[in-house]
file run-v7.cif (mmCIF, C-alpha atoms and all ligand atoms)
data_run
#
loop_
_atom_site.label_atom_id
_atom_site.label_comp_id
_atom_site.auth_asym_id
_atom_site.auth_seq_id
_atom_site.Cartn_x
_atom_site.Cartn_y
_atom_site.Cartn_z
CA MET A 1342 278.04 107.59 -33.46
CA ASN A 1343 276.33 107.88 -30.06
CA LEU A 1344 278.55 106.04 -27.59
CA LYS A 1345 277.29 104.83 -24.22
CA THR A 1346 278.65 106.44 -21.09
CA ALA A 1347 281.17 104.45 -19.02
CA ILE A 1348 281.97 107.12 -16.41
CA GLN A 1349 279.98 110.23 -15.62
CA ILE A 1350 280.92 112.54 -12.77
CA ASN A 1351 278.79 115.54 -11.91
CA HIS A 1352 279.71 118.59 -9.86
CA LEU A 1353 282.29 116.75 -7.76
CA ALA A 1354 283.99 118.63 -4.93
CA LYS A 1355 286.62 117.54 -2.43
CA SER A 1356 288.51 119.34 0.33
CA PHE A 1357 291.32 118.22 2.57
CA GLY A 1358 290.71 120.18 5.76
CA SER A 1359 290.19 123.78 4.70
CA ASN A 1360 291.94 123.23 1.35
CA GLN A 1361 289.42 122.72 -1.45
CA VAL A 1362 291.31 120.77 -4.10
CA ILE A 1363 288.42 119.77 -6.41
CA THR A 1364 285.72 122.30 -7.34
CA ASP A 1365 282.58 121.50 -9.32
CA CYS A 1366 284.19 118.94 -11.65
CA SER A 1367 282.09 117.18 -14.27
CA MET A 1368 283.50 114.68 -16.79
CA ARG A 1369 282.16 112.09 -19.21
CA VAL A 1370 284.07 109.08 -20.52
CA GLU A 1371 282.43 107.10 -23.33
CA GLN A 1372 282.54 103.29 -23.44
CA GLY A 1373 285.24 101.70 -25.58
CA THR A 1374 287.31 104.88 -25.78
CA ILE A 1375 290.53 106.24 -24.28
CA TYR A 1376 290.25 109.43 -22.22
CA GLY A 1377 293.49 111.31 -21.58
CA PHE A 1378 293.55 113.34 -18.37
CA LEU A 1379 296.07 116.18 -18.32
CA GLY A 1380 297.01 118.79 -15.73
CA GLU A 1381 300.02 120.26 -14.00
CA ASN A 1382 301.43 118.87 -10.72
CA GLY A 1383 298.89 119.25 -7.93
CA ALA A 1384 296.00 120.07 -10.30
CA GLY A 1385 293.79 117.33 -8.83
CA LYS A 1386 294.07 114.39 -11.25
CA THR A 1387 294.95 111.72 -8.67
CA THR A 1388 292.29 113.00 -6.26
CA ILE A 1389 289.62 112.54 -8.95
CA LEU A 1390 290.94 109.10 -9.96
CA LYS A 1391 290.94 108.07 -6.28
CA MET A 1392 287.29 109.14 -5.94
CA LEU A 1393 286.45 107.11 -9.05
CA THR A 1394 288.04 104.00 -7.56
CA GLY A 1395 286.54 104.36 -4.08
CA LEU A 1396 289.82 105.30 -2.39
CA LEU A 1397 288.42 108.73 -1.45
CA THR A 1398 284.85 109.89 -0.92
CA PRO A 1399 283.70 113.13 -2.54
CA ASP A 1400 282.26 115.85 -0.32
CA THR A 1401 279.52 116.62 -2.85
CA GLY A 1402 278.60 115.56 -6.38
CA SER A 1403 277.86 112.20 -7.97
CA ILE A 1404 279.79 109.45 -9.76
CA GLU A 1405 278.06 107.03 -12.14
CA ILE A 1406 279.97 104.08 -13.48
CA LEU A 1407 278.37 101.90 -16.19
CA GLY A 1408 275.06 103.50 -15.27
CA SER A 1409 275.24 102.74 -11.53
CA ASP A 1410 275.87 105.09 -8.64
CA MET A 1411 279.44 104.45 -7.45
CA LEU A 1412 278.82 105.59 -3.90
CA ARG A 1413 275.90 103.15 -3.45
CA ASN A 1414 277.24 100.18 -5.47
CA ARG A 1415 280.94 100.49 -4.74
CA ASP A 1416 281.82 96.81 -4.24
CA LYS A 1417 279.91 95.59 -7.30
CA LEU A 1418 281.43 98.29 -9.50
CA LEU A 1419 284.98 97.81 -8.24
CA SER A 1420 285.02 94.30 -9.76
CA LYS A 1421 284.44 95.96 -13.16
CA ILE A 1422 287.33 98.40 -12.74
CA GLY A 1423 291.05 97.76 -12.96
CA SER A 1424 293.23 100.51 -11.54
CA LEU A 1425 296.77 101.64 -11.04
CA ILE A 1426 296.97 104.70 -8.80
CA GLU A 1427 300.27 106.09 -7.50
CA SER A 1428 303.08 103.60 -6.72
CA PRO A 1429 301.56 100.13 -6.60
CA THR A 1430 302.29 97.99 -3.53
CA PHE A 1431 303.01 94.27 -3.85
CA TYR A 1432 303.99 91.27 -1.76
CA GLU A 1433 307.66 92.05 -2.21
CA HIS A 1434 309.03 88.58 -1.41
CA LEU A 1435 306.78 86.88 -3.96
CA SER A 1436 307.06 86.54 -7.75
CA SER A 1437 304.98 88.55 -10.22
CA LYS A 1438 302.91 85.45 -11.02
CA LYS A 1439 302.14 84.77 -7.35
CA ASN A 1440 301.20 88.42 -6.79
CA LEU A 1441 298.77 88.28 -9.70
CA GLU A 1442 297.25 84.99 -8.55
CA ILE A 1443 296.64 86.37 -5.05
CA HIS A 1444 294.95 89.43 -6.54
CA LEU A 1445 292.74 87.32 -8.81
CA ALA A 1446 291.70 85.07 -5.92
CA TYR A 1447 290.84 88.19 -3.89
CA MET A 1448 288.72 89.60 -6.74
CA GLY A 1449 286.83 86.30 -6.83
CA VAL A 1450 286.32 86.24 -10.62
CA PRO A 1451 287.75 83.88 -13.30
CA GLY A 1452 289.89 86.49 -15.09
CA ILE A 1453 292.72 85.58 -17.46
CA SER A 1454 295.74 83.40 -16.70
CA SER A 1455 298.67 85.10 -14.99
CA ASP A 1456 300.97 83.79 -17.76
CA ASN A 1457 298.88 85.49 -20.45
CA VAL A 1458 298.68 88.82 -18.67
CA LEU A 1459 302.43 88.78 -17.90
CA LYS A 1460 303.01 88.24 -21.61
CA LEU A 1461 300.76 91.21 -22.45
CA VAL A 1462 302.86 93.56 -20.30
CA GLY A 1463 306.24 92.10 -21.30
CA LEU A 1464 307.09 90.38 -18.01
CA SER A 1465 307.02 86.73 -19.14
CA ASN A 1466 310.68 86.21 -18.38
CA THR A 1467 310.63 87.17 -14.68
CA GLY A 1468 309.99 83.61 -13.43
CA GLU A 1469 310.50 83.20 -9.69
CA LYS A 1470 312.24 86.57 -9.25
CA ALA A 1471 310.92 88.37 -6.15
CA VAL A 1472 309.16 91.68 -6.83
CA SER A 1473 311.59 93.36 -4.39
CA LYS A 1474 314.25 92.88 -7.10
CA PHE A 1475 312.15 94.55 -9.85
CA SER A 1476 313.12 97.86 -11.46
CA LEU A 1477 310.68 100.81 -11.40
CA GLY A 1478 309.53 100.04 -14.94
CA MET A 1479 309.00 96.36 -14.13
CA ARG A 1480 306.89 97.30 -11.09
CA GLN A 1481 304.84 99.61 -13.29
CA ARG A 1482 304.29 96.83 -15.83
CA LEU A 1483 303.21 94.49 -13.01
CA GLY A 1484 300.83 97.18 -11.74
CA ILE A 1485 299.23 97.33 -15.19
CA ALA A 1486 299.05 93.50 -15.29
CA ARG A 1487 297.28 93.49 -11.92
CA ALA A 1488 294.82 96.11 -13.17
CA LEU A 1489 294.03 93.86 -16.16
CA ILE A 1490 293.97 90.31 -14.81
CA HIS A 1491 290.33 90.24 -13.67
CA GLN A 1492 289.23 91.44 -17.14
CA PRO A 1493 287.65 94.72 -16.06
CA GLN A 1494 285.43 96.76 -18.35
CA ILE A 1495 287.14 99.98 -17.28
CA LEU A 1496 290.82 100.70 -16.67
CA ILE A 1497 291.76 103.73 -14.55
CA LEU A 1498 295.49 104.41 -14.75
CA ASP A 1499 297.32 107.24 -13.00
CA GLU A 1500 300.50 108.00 -14.91
CA PRO A 1501 300.93 104.39 -16.09
CA LEU A 1502 303.97 105.23 -18.23
CA ASN A 1503 306.08 106.34 -15.24
CA GLY A 1504 309.44 104.63 -15.28
CA LEU A 1505 308.92 102.83 -18.59
CA ASP A 1506 311.67 102.84 -21.20
CA PRO A 1507 310.86 104.02 -24.77
CA MET A 1508 310.10 100.47 -25.92
CA GLY A 1509 307.89 99.94 -22.86
CA ILE A 1510 306.00 103.15 -23.63
CA LYS A 1511 305.44 102.02 -27.22
CA ASP A 1512 304.30 98.55 -26.05
CA MET A 1513 301.83 100.06 -23.59
CA ARG A 1514 300.48 102.42 -26.24
CA GLU A 1515 299.77 99.42 -28.48
CA LEU A 1516 298.31 97.45 -25.57
CA PHE A 1517 295.92 100.29 -24.63
CA LEU A 1518 294.78 100.71 -28.24
CA ASN A 1519 294.25 96.94 -28.59
CA LEU A 1520 292.29 96.74 -25.35
CA THR A 1521 289.83 99.37 -26.53
CA GLN A 1522 289.64 98.38 -30.18
CA GLN A 1523 289.54 94.59 -29.74
CA ASN A 1524 288.04 94.13 -26.27
CA GLY A 1525 285.86 97.23 -26.07
CA MET A 1526 287.53 98.29 -22.85
CA THR A 1527 287.25 101.89 -21.62
CA ILE A 1528 290.49 103.52 -20.45
CA LEU A 1529 290.90 106.68 -18.41
CA LEU A 1530 294.54 107.57 -18.04
CA SER A 1531 296.48 110.51 -16.70
CA SER A 1532 299.94 111.32 -17.98
CA HIS A 1533 302.43 114.15 -18.04
CA ILE A 1534 303.65 112.91 -21.40
CA ILE A 1535 301.40 114.97 -23.66
CA SER A 1536 302.66 113.27 -26.81
CA GLU A 1537 301.58 109.90 -25.42
CA ILE A 1538 298.07 111.17 -24.73
CA GLU A 1539 298.10 112.53 -28.27
CA HIS A 1540 299.02 109.08 -29.62
CA VAL A 1541 296.21 107.18 -27.92
CA ALA A 1542 293.39 109.39 -26.64
CA ASP A 1543 289.99 109.84 -28.27
CA LYS A 1544 289.05 112.57 -25.81
CA VAL A 1545 291.11 114.84 -23.57
CA GLY A 1546 290.19 116.45 -20.25
CA ILE A 1547 292.37 119.23 -18.87
CA ILE A 1548 292.26 120.19 -15.19
CA ALA A 1549 293.84 123.17 -13.45
CA ASP A 1550 293.50 124.13 -9.77
CA GLY A 1551 290.82 121.50 -9.23
CA ARG A 1552 288.56 122.70 -12.07
CA ILE A 1553 288.02 121.06 -15.46
CA LEU A 1554 289.09 123.68 -18.01
CA CYS A 1555 288.04 121.73 -21.06
CA GLU A 1556 286.87 118.36 -22.29
CA SER A 1557 287.14 117.85 -26.04
CA ASN A 1558 287.70 115.21 -28.66
CA LEU A 1559 291.34 115.10 -29.68
CA ALA A 1560 290.42 115.35 -33.36
CA GLN A 1561 288.46 118.52 -32.62
CA ILE A 1562 291.39 120.02 -30.68
CA LYS A 1563 293.74 119.30 -33.55
CA THR A 1564 291.45 120.73 -36.19
CA GLU A 1565 290.11 123.75 -34.37
CA SER A 1566 293.26 124.82 -32.53
CA LYS A 1567 295.30 124.26 -35.70
CA GLY A 1568 298.20 122.86 -33.72
CA SER A 1569 299.33 119.97 -31.56
CA LEU A 1570 297.79 118.97 -28.25
CA GLU A 1571 300.96 120.32 -26.63
CA ASP A 1572 300.38 123.79 -28.17
CA TYR A 1573 296.76 123.69 -27.04
CA PHE A 1574 297.72 122.63 -23.50
CA PHE A 1575 300.39 125.34 -23.08
CA ASN A 1576 298.06 127.99 -24.48
CA LEU A 1577 295.33 126.99 -21.99
CA MET A 1578 297.81 126.98 -19.10
CA SER A 1579 298.83 130.51 -20.02
CA GLY A 1580 295.26 131.75 -19.85
CA GLY A 1581 294.12 130.94 -23.42
CA LYS A 1582 290.47 130.11 -24.09
CA PRO A 1583 289.26 126.49 -24.29
CA LEU A 1584 287.44 125.29 -27.42
N1 LIG B 1601 295.71 113.27 1.41
C1 LIG B 1601 295.85 114.58 1.17
N2 LIG B 1601 295.84 115.49 2.16
C2 LIG B 1601 295.95 116.80 1.90
N3 LIG B 1601 296.10 117.33 0.67
C3 LIG B 1601 296.14 116.47 -0.36
C4 LIG B 1601 296.03 115.06 -0.17
N4 LIG B 1601 296.08 114.46 -1.39
C5 LIG B 1601 296.24 115.46 -2.29
N5 LIG B 1601 296.27 116.66 -1.67
C6 LIG B 1601 296.39 117.97 -2.34
O1 LIG B 1601 295.42 118.02 -3.35
C7 LIG B 1601 295.93 118.72 -4.48
C8 LIG B 1601 295.74 117.87 -5.72
O2 LIG B 1601 296.63 116.75 -5.61
P1 LIG B 1601 296.62 115.56 -6.67
O3 LIG B 1601 297.56 114.52 -6.17
O4 LIG B 1601 295.22 115.16 -6.94
O5 LIG B 1601 297.22 116.30 -7.95
P2 LIG B 1601 297.74 115.68 -9.33
O6 LIG B 1601 297.12 116.46 -10.42
O7 LIG B 1601 297.53 114.21 -9.35
O8 LIG B 1601 299.28 116.01 -9.25
P3 LIG B 1601 300.58 115.24 -9.84
O9 LIG B 1601 300.57 115.47 -11.31
O10 LIG B 1601 301.70 115.96 -9.16
O11 LIG B 1601 300.47 113.81 -9.45
C9 LIG B 1601 297.37 119.10 -4.17
O12 LIG B 1601 297.38 120.42 -3.71
C10 LIG B 1601 297.72 118.14 -3.05
O13 LIG B 1601 298.67 118.73 -2.19
#

call {"tool": "encode", "arguments": {"input": "run-v7.cif", "output": "structure tokens", "more": "lines below"}}
Ligand SMILES: Nc1ncnc2c1ncn2[C@@H]1O[C@H](COP(=O)(O)OP(=O)(O)OP(=O)(O)O)[C@@H](O)[C@H]1O
result
Amino acid sequence: MNLKTAIQINHLAKSFGSNQVITDCSMRVEQGTIYGFLGENGAGKTTILKMLTGLLTPDTGSIEILGSDMLRNRDKLLSKIGSLIESPTFYEHLSSKKNLEIHLAYMGVPGISSDNVLKLVGLSNTGEKAVSKFSLGMRQRLGIARALIHQPQILILDEPLNGLDPMGIKDMRELFLNLTQQNGMTILLSSHIISEIEHVADKVGIIADGRILCESNLAQIKTESKGSLEDYFFNLMSGGKPL
């Protein structure tokens, strides 16, 4: 099946001062699929996800989202993206529902009801509780809810499973699979939990020292490397050859 492209980045580079952290990175994420983005600490995952969501500007290279140039059509494209990058910030004194309603009003689109999206992420019972009293996992769930409420076509999630308990991780796995399979959403997510990427991803991209080492379908990795994604990842990190 020939799937349409949701995200295409070409030859992206980014430096902070004299430190080049992203070098000639190209990636392709197909519509309606889950792309798992793996790499060690400091490899450059967040920097790429920030460039995709307009939080950083690349020095060179291009980003196309849903067929449009991100750098030229940033505002229009941002309404089609939901994102959770690093620790989300909220209006701490307000409830989860109020936080979501403010975000939806800011996005200026109809979206889904805050009650429905809170149910999706398992936060229905938080009522009037201020976000300042939320645990790390609850904040992460609310961050995912905020990424979803305006019904984006693309979700970009940087380590969304951080702080979630085992049940929360399982719930999110099911939510991500449902969002792609039932709503046709495209999800690009980074995680250090390789087994979680293995559970949900259609395609995997691995980055090291700011360079994409490989981009392959998970099924192909499993068949051709004759092992788990974890084996493949560790082998690559120790200098093994990509597929
Ligand atoms: N604002 C910044 N100023 C200077 N250097 C930065 C900045 N942001 C990131 N870096 C550097 O860029 C490199 C890549 O960082 P990045 O956060 O993208 O990695 P990562 O793969 O997301 O890591 P982690 O898994 O630890 O979150 C690191 O060397 C980091 O120190």

call {"tool": "closest_residue", "arguments": {"input": "run-v7.cif", "among": "A:Arg1480, A:Lys1544, A:Lys1421, A:Lys1391", "to": "ligand LIG 1601 (chain B)", "atoms": "all atoms listed in the file"}}
result
A:Lys1391

call {"tool": "closest_residue", "arguments": {"input": "run-v7.cif", "among": "A:Ser1531, A:Ser1455, A:Ser1557, A:Thr1388", "to": "Lys1439 in chain A", "atoms": "all atoms listed in the file"}}
result
A:Ser1455

call {"tool": "closest_residue", "arguments": {"input": "run-v7.cif", "among": "A:Gly1383, A:Gly1402, A:Gly1358, A:Gly1509", "to": "ligand LIG 1601 (chain B)", "atoms": "all atoms listed in the file"}}
result
A:Gly1383

call {"tool": "residues_around", "arguments": {"input": "run-v7.cif", "residues": "Lys1460 in chain A", "least_positions_apart": "5", "cutoff": "12 Å", "atoms": "all atoms listed in the file", "output": "list in words"}}
result
Ser1437, Lys1438, Ile1453, Ser1454, Ser1455, Ser1465, Asn1466, Thr1467, Gly1468, Arg1482, Leu1483, Ile1485, Ala1486, Leu1489, Ile1490, Asp1512 and Leu1516 of chain A

call {"tool": "residues_near_point", "arguments": {"input": "run-v7.cif", "point": "(291.2, 118.8, -31.1)", "cutoff": "12 Å", "atoms": "all atoms listed in the file", "output": "PyMOL selection string"}}
result
chain A and resi 1539+1542-1546+1555-1574+1583-1584

call {"tool": "closest_residue", "arguments": {"input": "run-v7.cif", "among": "A:Asn1351, A:Asn1414, A:Gln1372, A:Thr1430", "to": "Pro1399 in chain A", "atoms": "all atoms listed in the file"}}
result
A:Asn1351

call {"tool": "residues_around", "arguments": {"input": "run-v7.cif", "residues": "Leu1418 in chain A", "least_positions_apart": "5", "cutoff": "10 Å", "atoms": "all atoms listed in the file", "output": "list in words"}}
result
Thr1394, Gly1395, Glu1405, Ile1406, Leu1407, Ser1409, Asp1410, Met1411, Leu1412, Arg1413, Pro1493, Gln1494 and Ile1495 of chain A

call {"tool": "closest_atom_pairs", "arguments": {"input": "run-v7.cif", "of": "chain A", "to": "ligand LIG 1601 (chain B)", "cutoff": "7 Å", "atoms": "all atoms listed in the file", "output": "tab-separated table"}}
result
residue	atom	partner	partner_atom	distance
A:Phe1357	CA	B:LIG1601	C2	4.9
A:Val1362	CA	B:LIG1601	O1	5.0
A:Gly1380	CA	B:LIG1601	O6	5.8
A:Glu1381	CA	B:LIG1601	O9	5.5
A:Asn1382	CA	B:LIG1601	O10	3.3
A:Gly1383	CA	B:LIG1601	O5	3.4
A:Ala1384	CA	B:LIG1601	O6	3.8
A:Gly1385	CA	B:LIG1601	O4	3.2
A:Lys1386	CA	B:LIG1601	O6	3.8
A:Thr1387	CA	B:LIG1601	O7	3.6
A:Thr1388	CA	B:LIG1601	O4	3.7
A:Ile1389	CA	B:LIG1601	O4	6.5

call {"tool": "atom_distance", "arguments": {"input": "run-v7.cif", "atom1": "CA of Thr1401 in chain A", "atom2": "CA of Thr1364 in chain A"}}
result
9.5 Å
